[in-house]
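Trainee: Next up, coords_37.cif (mmCIF, C-alpha atoms).
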data_query
#
loop_
_atom_site.label_atom_id
_atom_site.label_comp_id
_atom_site.auth_asym_id
_atom_site.auth_seq_id
_atom_site.Cartn_x
_atom_site.Cartn_y
_atom_site.Cartn_z
CA GLY A 188 88.90 26.11 82.88
CA VAL A 189 92.64 26.19 82.03
CA GLU A 190 93.01 29.79 83.30
CA ALA A 191 91.21 28.90 86.55
CA ALA A 192 93.57 25.93 87.14
CA ALA A 193 96.60 28.18 86.53
CA ASP A 194 95.25 30.72 89.02
CA ASP A 195 94.77 27.94 91.61
CA ARG A 196 98.40 26.79 91.15
CA HIS A 197 99.65 30.37 91.65
CA ARG A 198 97.56 30.74 94.78
CA ASP A 199 98.96 27.48 96.18
CA ARG A 200 102.56 28.63 95.61
CA GLY A 201 102.00 31.78 97.63
CA PRO A 202 103.56 35.20 96.96
CA GLU A 203 106.38 35.15 94.45
CA LEU A 204 109.51 37.24 94.06
CA ALA A 205 110.66 38.03 90.52
CA ILE A 206 114.39 38.62 90.09
CA GLY A 207 115.55 39.83 86.68
CA PHE A 208 118.93 38.86 85.30
CA GLY A 209 118.45 40.14 81.76
CA LYS A 210 120.01 43.28 80.33
CA ARG A 211 118.15 46.05 78.59
CA GLY A 212 119.09 44.55 75.23
CA ASP A 213 117.53 41.24 76.20
CA ILE A 214 114.05 42.71 75.99
CA GLY A 215 112.39 41.54 72.83
CA ALA A 216 109.95 43.28 70.60
CA ALA A 217 107.07 42.05 72.71
CA GLY A 218 108.80 43.31 75.88
CA ASP A 219 109.55 39.86 77.34
CA VAL A 220 112.20 39.75 80.11
CA ASP A 221 113.94 36.60 81.42
CA LEU A 222 112.80 36.29 85.02
CA VAL A 223 113.60 33.82 87.74
CA GLN A 224 110.59 33.29 89.92
CA THR A 225 111.30 32.40 93.56
CA THR A 226 108.53 31.44 95.93
CA SER A 227 108.30 32.74 99.50
CA ALA A 228 109.15 29.25 100.82
CA GLU A 229 112.43 29.30 98.92
CA VAL A 230 113.19 32.78 100.24
CA PHE A 231 112.59 31.62 103.81
CA GLU A 232 114.81 28.60 103.22
CA LEU A 233 117.60 30.87 101.94
CA MET A 234 117.24 33.13 104.98
CA ALA A 235 117.35 30.11 107.31
CA HIS A 236 120.50 28.86 105.60
CA ARG A 237 122.17 32.26 106.08
CA SER A 238 121.13 32.22 109.75
CA ARG A 239 122.67 28.77 110.18
CA LEU A 240 125.92 29.97 108.60
CA ARG A 241 125.96 33.04 110.84
CA LEU A 242 125.30 30.90 113.94
CA ARG A 243 128.06 28.48 112.94
CA PHE A 244 130.49 31.39 112.47
CA GLN A 245 129.62 32.78 115.90
CA VAL A 246 130.00 29.38 117.55
CA GLU A 247 133.39 28.79 115.94
CA ASN A 248 134.59 32.28 116.85
CA GLY A 249 133.31 31.81 120.38
CA ASP A 250 135.22 28.53 120.59
CA TYR A 251 138.42 30.30 119.56
CA ARG A 252 137.80 33.11 122.04
CA ALA A 253 137.28 30.56 124.82
CA THR A 254 140.43 28.74 123.73
CA LEU A 255 142.37 32.01 123.88
CA ALA A 256 140.88 32.98 127.25
CA THR A 257 141.66 29.66 128.97
CA PRO A 258 145.49 29.77 128.72
CA ASP A 259 145.49 33.48 129.56
CA ALA A 260 143.58 32.88 132.79
CA ILE A 261 145.73 29.88 133.76
CA ALA A 262 148.95 31.74 132.94
CA ALA A 263 147.85 34.78 134.96
CA LEU A 264 146.97 32.67 138.02
CA ALA A 265 150.16 30.61 137.73
CA THR A 266 152.23 33.79 137.38
CA ALA A 267 150.66 35.36 140.48
CA ALA A 268 151.24 32.24 142.58
CA SER A 269 154.78 31.69 141.29
CA CYS A 270 155.75 35.34 141.93
CA ILE A 271 154.72 35.06 145.58
CA LEU A 272 156.28 31.64 146.17
CA GLY A 273 159.38 32.34 144.07
CA THR A 274 160.11 35.66 145.80
CA THR A 275 159.81 34.17 149.28
CA ALA A 276 161.99 31.22 148.25
CA ALA A 277 164.67 33.55 146.85
CA LEU A 278 164.67 35.66 150.03
CA ALA A 279 165.02 32.53 152.16
CA LEU A 280 167.89 31.22 150.03
CA HIS A 281 169.65 34.59 150.17
CA ARG A 282 169.27 35.21 153.90
CA TRP A 283 169.85 31.80 155.46
CA LYS A 284 172.56 29.24 154.77
CA GLY A 285 172.88 25.63 155.80
CA ARG A 286 172.10 22.05 154.81
CA LEU A 287 168.35 22.70 154.77
CA GLN A 288 168.83 25.60 152.38
CA THR A 289 171.06 23.43 150.20
CA PHE A 290 168.20 20.91 149.95
CA HIS A 291 165.81 23.80 149.31
CA TYR A 292 168.02 25.08 146.49
CA GLY A 293 168.02 21.59 144.98
CA LEU A 294 164.21 21.52 144.99
CA ILE A 295 164.07 24.91 143.28
CA TYR A 296 166.71 24.02 140.71
CA THR A 297 165.39 20.54 139.82
CA PRO A 298 162.45 21.66 137.57
CA LEU A 299 164.91 23.66 135.47
CA VAL A 300 166.91 20.57 134.46
CA MET A 301 164.21 17.89 134.61
CA PRO A 302 162.78 16.81 131.22
CA GLU A 303 159.26 18.08 130.71
CA ILE A 304 157.89 14.66 129.78
CA LEU A 305 159.21 13.21 133.03
CA MET A 306 157.71 16.06 135.02
CA GLY A 307 154.37 15.68 133.25
CA ILE A 308 154.24 11.94 133.96
CA SER A 309 155.21 12.50 137.61
CA LEU A 310 152.48 15.10 138.12
CA LEU A 311 149.90 12.88 136.42
CA MET A 312 150.82 9.96 138.68
CA MET A 313 150.59 12.21 141.75
CA PHE A 314 147.14 13.53 140.77
CA THR A 315 145.94 9.99 140.05
CA ALA A 316 147.28 8.70 143.37
CA ILE A 317 145.51 11.37 145.44
CA GLY A 318 142.32 11.08 143.41
CA VAL A 319 142.27 14.53 141.81
CA GLY A 320 140.61 14.68 138.40
CA CYS A 321 142.55 16.34 135.62
CA GLY A 322 141.29 19.71 134.51
CA LEU A 323 142.00 23.41 134.82
CA PHE A 324 142.99 23.06 138.48
CA THR A 325 145.65 20.43 137.76
CA ILE A 326 146.97 22.53 134.86
CA TRP A 327 147.31 25.50 137.22
CA ILE A 328 149.14 23.41 139.83
CA ALA A 329 151.49 21.98 137.20
CA HIS A 330 152.29 25.37 135.68
CA THR A 331 152.88 26.92 139.10
CA THR A 332 155.25 24.07 139.97
CA PHE A 333 157.72 24.78 137.20
CA CYS A 334 157.16 28.57 137.04
CA VAL A 335 158.25 29.00 140.68
CA SER A 336 161.78 27.93 139.77
CA TYR A 337 162.16 30.58 137.06
CA VAL A 338 160.85 33.37 139.29
CA ALA A 339 163.04 32.27 142.20
CA MET A 340 166.19 32.18 140.06
CA THR A 341 165.43 35.59 138.55
CA VAL A 342 164.85 37.20 141.94
CA LEU A 343 167.87 35.40 143.41
CA ALA A 344 170.05 36.86 140.66
CA ARG A 345 168.66 40.28 141.57
CA LEU A 346 169.58 39.69 145.21
CA GLN A 347 173.21 39.06 144.30
CA ASP A 348 173.62 42.83 143.79
CA PHE A 349 171.63 43.71 146.89
CA ASP A 350 173.48 45.40 149.74
CA ASP A 351 172.22 44.14 153.10
CA ARG A 352 173.47 47.31 154.79
CA ILE A 353 170.46 49.10 153.30
CA THR A 354 168.10 47.13 155.54
CA GLU A 355 170.42 47.61 158.51
CA ALA A 356 170.32 51.37 157.91
CA ALA A 357 166.50 51.24 157.77
CA TYR A 358 166.42 49.38 161.10
CA ASP A 359 168.78 51.94 162.64
CA LEU A 360 166.44 54.73 161.53
CA GLY A 361 163.55 53.08 163.40
CA ALA A 362 161.79 51.20 160.58
CA GLY A 363 160.12 47.91 161.40
CA PRO A 364 160.49 44.63 159.46
CA PHE A 365 157.29 45.05 157.44
CA TYR A 366 157.94 48.70 156.65
CA THR A 367 161.51 47.88 155.62
CA PHE A 368 160.39 45.08 153.34
CA PHE A 369 157.57 46.95 151.57
CA HIS A 370 159.32 50.34 151.32
CA VAL A 371 162.99 49.40 150.96
CA VAL A 372 163.50 45.80 149.82
CA LEU A 373 160.45 45.31 147.58
CA PRO A 374 161.00 48.41 145.36
CA ILE A 375 164.57 47.24 144.69
CA LEU A 376 163.46 43.68 143.87
CA LEU A 377 160.38 44.73 141.87
CA PRO A 378 162.09 44.78 138.42
CA GLY A 379 163.39 41.25 139.04
CA ILE A 380 159.98 40.07 140.22
CA ILE A 381 158.27 41.56 137.14
CA ALA A 382 160.90 40.01 134.86
CA GLY A 383 160.41 36.61 136.48
CA GLY A 384 156.63 37.00 136.24
CA LEU A 385 156.77 37.81 132.53
CA LEU A 386 159.03 34.82 131.94
CA ALA A 387 156.67 32.59 133.92
CA PHE A 388 153.67 33.88 131.96
CA THR A 389 155.46 33.17 128.68
CA LEU A 390 156.40 29.63 129.70
CA SER A 391 152.92 28.90 131.00
CA ILE A 392 150.95 30.18 128.02
CA ASP A 393 152.88 28.14 125.42
CA ASP A 394 153.56 24.97 127.43
CA PHE A 395 152.49 21.80 125.65
CA VAL A 396 154.20 18.69 127.05
CA ILE A 397 153.29 19.07 130.73
CA THR A 398 149.81 20.37 129.90
CA PHE A 399 149.20 17.40 127.62
CA PHE A 400 149.55 14.99 130.58
CA VAL A 401 147.53 16.90 133.20
CA THR A 402 144.70 18.27 131.04
CA GLY A 403 141.15 16.95 131.11
CA PRO A 404 137.96 17.13 129.03
CA GLY A 405 136.96 20.69 128.16
CA SER A 406 140.21 22.25 129.40
CA ASP A 407 142.22 22.53 126.19
CA THR A 408 144.74 25.34 126.05
CA LEU A 409 145.86 27.10 122.89
CA PRO A 410 148.85 24.81 122.14
CA LEU A 411 146.64 21.74 122.58
CA LYS A 412 143.96 23.30 120.36
CA ILE A 413 146.49 24.01 117.62
CA TYR A 414 147.82 20.43 117.88
CA SER A 415 144.28 19.05 117.56
CA MET A 416 143.53 21.30 114.58
CA ILE A 417 146.71 20.21 112.79
CA LYS A 418 145.70 16.55 113.18
CA HIS A 419 141.97 16.73 112.47
CA SER A 420 141.30 20.01 110.66
CA LYS A 421 142.29 21.59 107.37
CA GLN A 422 141.87 25.19 108.51
CA MET A 423 145.47 26.15 107.82
CA PRO A 424 144.83 29.94 107.76
CA VAL A 425 143.42 29.78 111.28
CA ILE A 426 146.30 27.58 112.45
CA ASN A 427 148.85 29.94 110.92
CA SER A 428 147.16 32.95 112.51
CA LEU A 429 147.09 31.39 115.97
CA SER A 430 150.72 30.27 115.66
CA THR A 431 151.79 33.75 114.57
CA LEU A 432 149.87 35.24 117.50
CA MET A 433 151.63 32.95 119.96
CA LEU A 434 155.05 33.69 118.44
CA ALA A 435 154.49 37.45 118.56
CA MET A 436 153.22 37.30 122.14
CA THR A 437 156.20 35.21 123.23
CA CYS A 438 158.70 37.59 121.62
CA VAL A 439 157.08 40.63 123.23
CA LEU A 440 156.97 39.05 126.69
CA VAL A 441 160.57 37.81 126.50
CA ALA A 442 161.77 41.24 125.38
CA ALA A 443 159.85 42.89 128.23
CA SER A 444 161.29 40.38 130.68
CA ARG A 445 164.85 41.14 129.57
CA PHE A 446 164.19 44.86 129.76
CA MET A 447 162.84 44.64 133.30
CA ALA A 448 165.70 42.37 134.40
CA ASN A 449 168.29 44.91 133.26
CA ARG A 450 166.37 47.95 134.50
CA ARG A 451 167.95 49.93 137.28
CA ARG A 452 170.88 47.51 137.47
CA ARG A 453 173.26 50.44 137.29
CA HIS A 454 171.26 52.46 139.80
CA LEU A 455 171.00 50.02 142.69
CA PRO A 456 171.66 51.83 145.95
CA ALA A 457 174.85 50.71 147.60
CA PHE A 458 177.28 51.97 150.21
CA LYS A 459 180.90 52.54 149.40
CA ASN A 460 183.46 50.88 151.60
#
Translate the structure of the given file into structure tokens.
Mentor:
Amino acid sequence: GVEAAADDRHRDRGPELAIGFGKRGDIGAAGDVDLVQTTSAEVFELMAHRSRLRLRFQVENGDYRATLATPDAIAALATAASCILGTTAALALHRWKGRLQTFHYGLIYTPLVMPEILMGISLLMMFTAIGVGCGLFTIWIAHTTFCVSYVAMTVLARLQDFDDRITEAAYDLGAGPFYTFFHVVLPILLPGIIAGGLLAFTLSIDDFVITFFVTGPGSDTLPLKIYSMIKHSKQMPVINSLSTLMLAMTCVLVAASRFMANRRRRHLPAFKN
């Protein structure tokens, strides 16, 4: 009767897994070995726990990848828009003079000297007044607003060494305005445009103050994510890694911007008097 009850208990527990932890010397004269018996239910629970840990790791890594992808996309779009607007503004300031261009120059120069907190508050009040909800679109508009000034000033500095007689010579040889711009003017200004674009990308990807005012739910950039992790999380290795990544990226982009700004400065085509 006792053996039958023991067999019933073993059948109720289901298949068992025996895991030995003893050494060869632990085997006694009768051949007994210390075993830890684990039921199939416990094995399934262990496997489920490992699956939950793996899922949590993937979710956290996906969150970081999304956080890294968001500022990259915004910075790329803001750089593209600021390169187009900044280049056209620099060409207009270089070609035409007058009171209107003086006012235009003031508009371009103002974001360079305006405090970021004041600019962020002003943009937030403007978006609130026109009824635009804060999110990725408002971040893009805000970043484009202050990046245009840096691109325009970089291209305008490039135009200071530009000889207008090059375009006059192209017109005399029968070239039209569009052909002259894309085949004569643009190749000369391209290093300055690339330098301004790299500088705009650097300023956009690590901006915090202006982004803090115009951001919305679900549109956190990397600086905002790091700020939130410092306040509410203890994952200092992750914070240090992200900060190091931002610092390295900024140094590389600034160095590339300086290199492109100084490229071909000594080889600009010019006519001797």
Trainee: From the options A:Ser415, A:Ser444, A:Thr398, A:Thr257, which residue's atoms come nearest to Ile308 (chain A), counting only C-alpha atoms?
Mentor: A:Thr398
Trainee: Enter the distance from CA of Ala329 (chain A) to CA of Trp283 (chain A), in Å, rounded to one decimal.
Mentor: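 Computing the Euclidean distance for CA of Ala329 (chain A) and CA of Trp283 (chain A) yields 27.7 Å.
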Trainee: Report the distance between CA of Gly320 (chain A) and CA of Met433 (chain A) in Å, rounded to one decimal place.
Mentor: 28.2 Å
Trainee: Would you compute the distance between CA of Thr402 (chain A) and CA of Cys321 (chain A)? Give it in Å to one decimal.
Mentor: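 A separation of 5.4 Å between them.
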Trainee: Might you pull out every residue within 12 Å of Gly403 (chain A), with only C-alpha atoms counted and same-chain residues fewer than 6 positions away left off, and present them as a VMD selection string?
Mentor: chain A and resid 311 314 319 to 326 411
Trainee: Write out as a tab-separated table the residues of region 282-358 of chain A that have any atom within 12 Å of an atom of region 371-375 of chain A, one row each with the nearest atom pair and its distance in Å to one decimal, counting all atoms listed in the file, sorted by chain and then rising number.
Mentor:
residue	atom	partner	partner_atom	distance
A:Val342	CA	A:Ile375	CA	10.4
A:Arg345	CA	A:Ile375	CA	8.7
A:Leu346	CA	A:Ile375	CA	9.1
A:Gln347	CA	A:Ile375	CA	11.9
A:Asp348	CA	A:Ile375	CA	10.1
A:Phe349	CA	A:Ile375	CA	8.2
A:Asp350	CA	A:Val372	CA	10.0
A:Asp351	CA	A:Val372	CA	9.5
A:Arg352	CA	A:Val372	CA	11.2
A:Ile353	CA	A:Val371	CA	7.8
A:Thr354	CA	A:Val371	CA	7.2
A:Glu355	CA	A:Val371	CA	10.7
A:Ala356	CA	A:Val371	CA	10.3
A:Ala357	CA	A:Val371	CA	7.9
A:Tyr358	CA	A:Val371	CA	10.7
Trainee: Taking (155.9, 38.9, 122.3) in the file's coordinates as the center, which residues reach within 12 Å of it, counting only C-alpha atoms, put as a list in words?
Mentor: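 Here is the list of nearby residues: Leu385, Leu386, Phe388, Thr389, Leu390, Ile392, Asp393, Thr431, Leu432, Met433, Leu434, Ala435, Met436, Thr437, Cys438, Val439, Leu440, Val441, Ala442, Ala443, Ser444 and Arg445 of chain A.
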Trainee: Using C-alpha atoms, can you write the selected residues to a file as a short mmCIF file (atom, residue, chain, number, x, y, z; two decimals), in the coordinates of the input?
Mentor:
data_model
loop_
_atom_site.label_atom_id
_atom_site.label_comp_id
_atom_site.auth_asym_id
_atom_site.auth_seq_id
_atom_site.Cartn_x
_atom_site.Cartn_y
_atom_site.Cartn_z
CA LEU A 385 156.77 37.81 132.53
CA LEU A 386 159.03 34.82 131.94
CA PHE A 388 153.67 33.88 131.96
CA THR A 389 155.46 33.17 128.68
CA LEU A 390 156.40 29.63 129.70
CA ILE A 392 150.95 30.18 128.02
CA ASP A 393 152.88 28.14 125.42
CA THR A 431 151.79 33.75 114.57
CA LEU A 432 149.87 35.24 117.50
CA MET A 433 151.63 32.95 119.96
CA LEU A 434 155.05 33.69 118.44
CA ALA A 435 154.49 37.45 118.56
CA MET A 436 153.22 37.30 122.14
CA THR A 437 156.20 35.21 123.23
CA CYS A 438 158.70 37.59 121.62
CA VAL A 439 157.08 40.63 123.23
CA LEU A 440 156.97 39.05 126.69
CA VAL A 441 160.57 37.81 126.50
CA ALA A 442 161.77 41.24 125.38
CA ALA A 443 159.85 42.89 128.23
CA SER A 444 161.29 40.38 130.68
CA ARG A 445 164.85 41.14 129.57
#
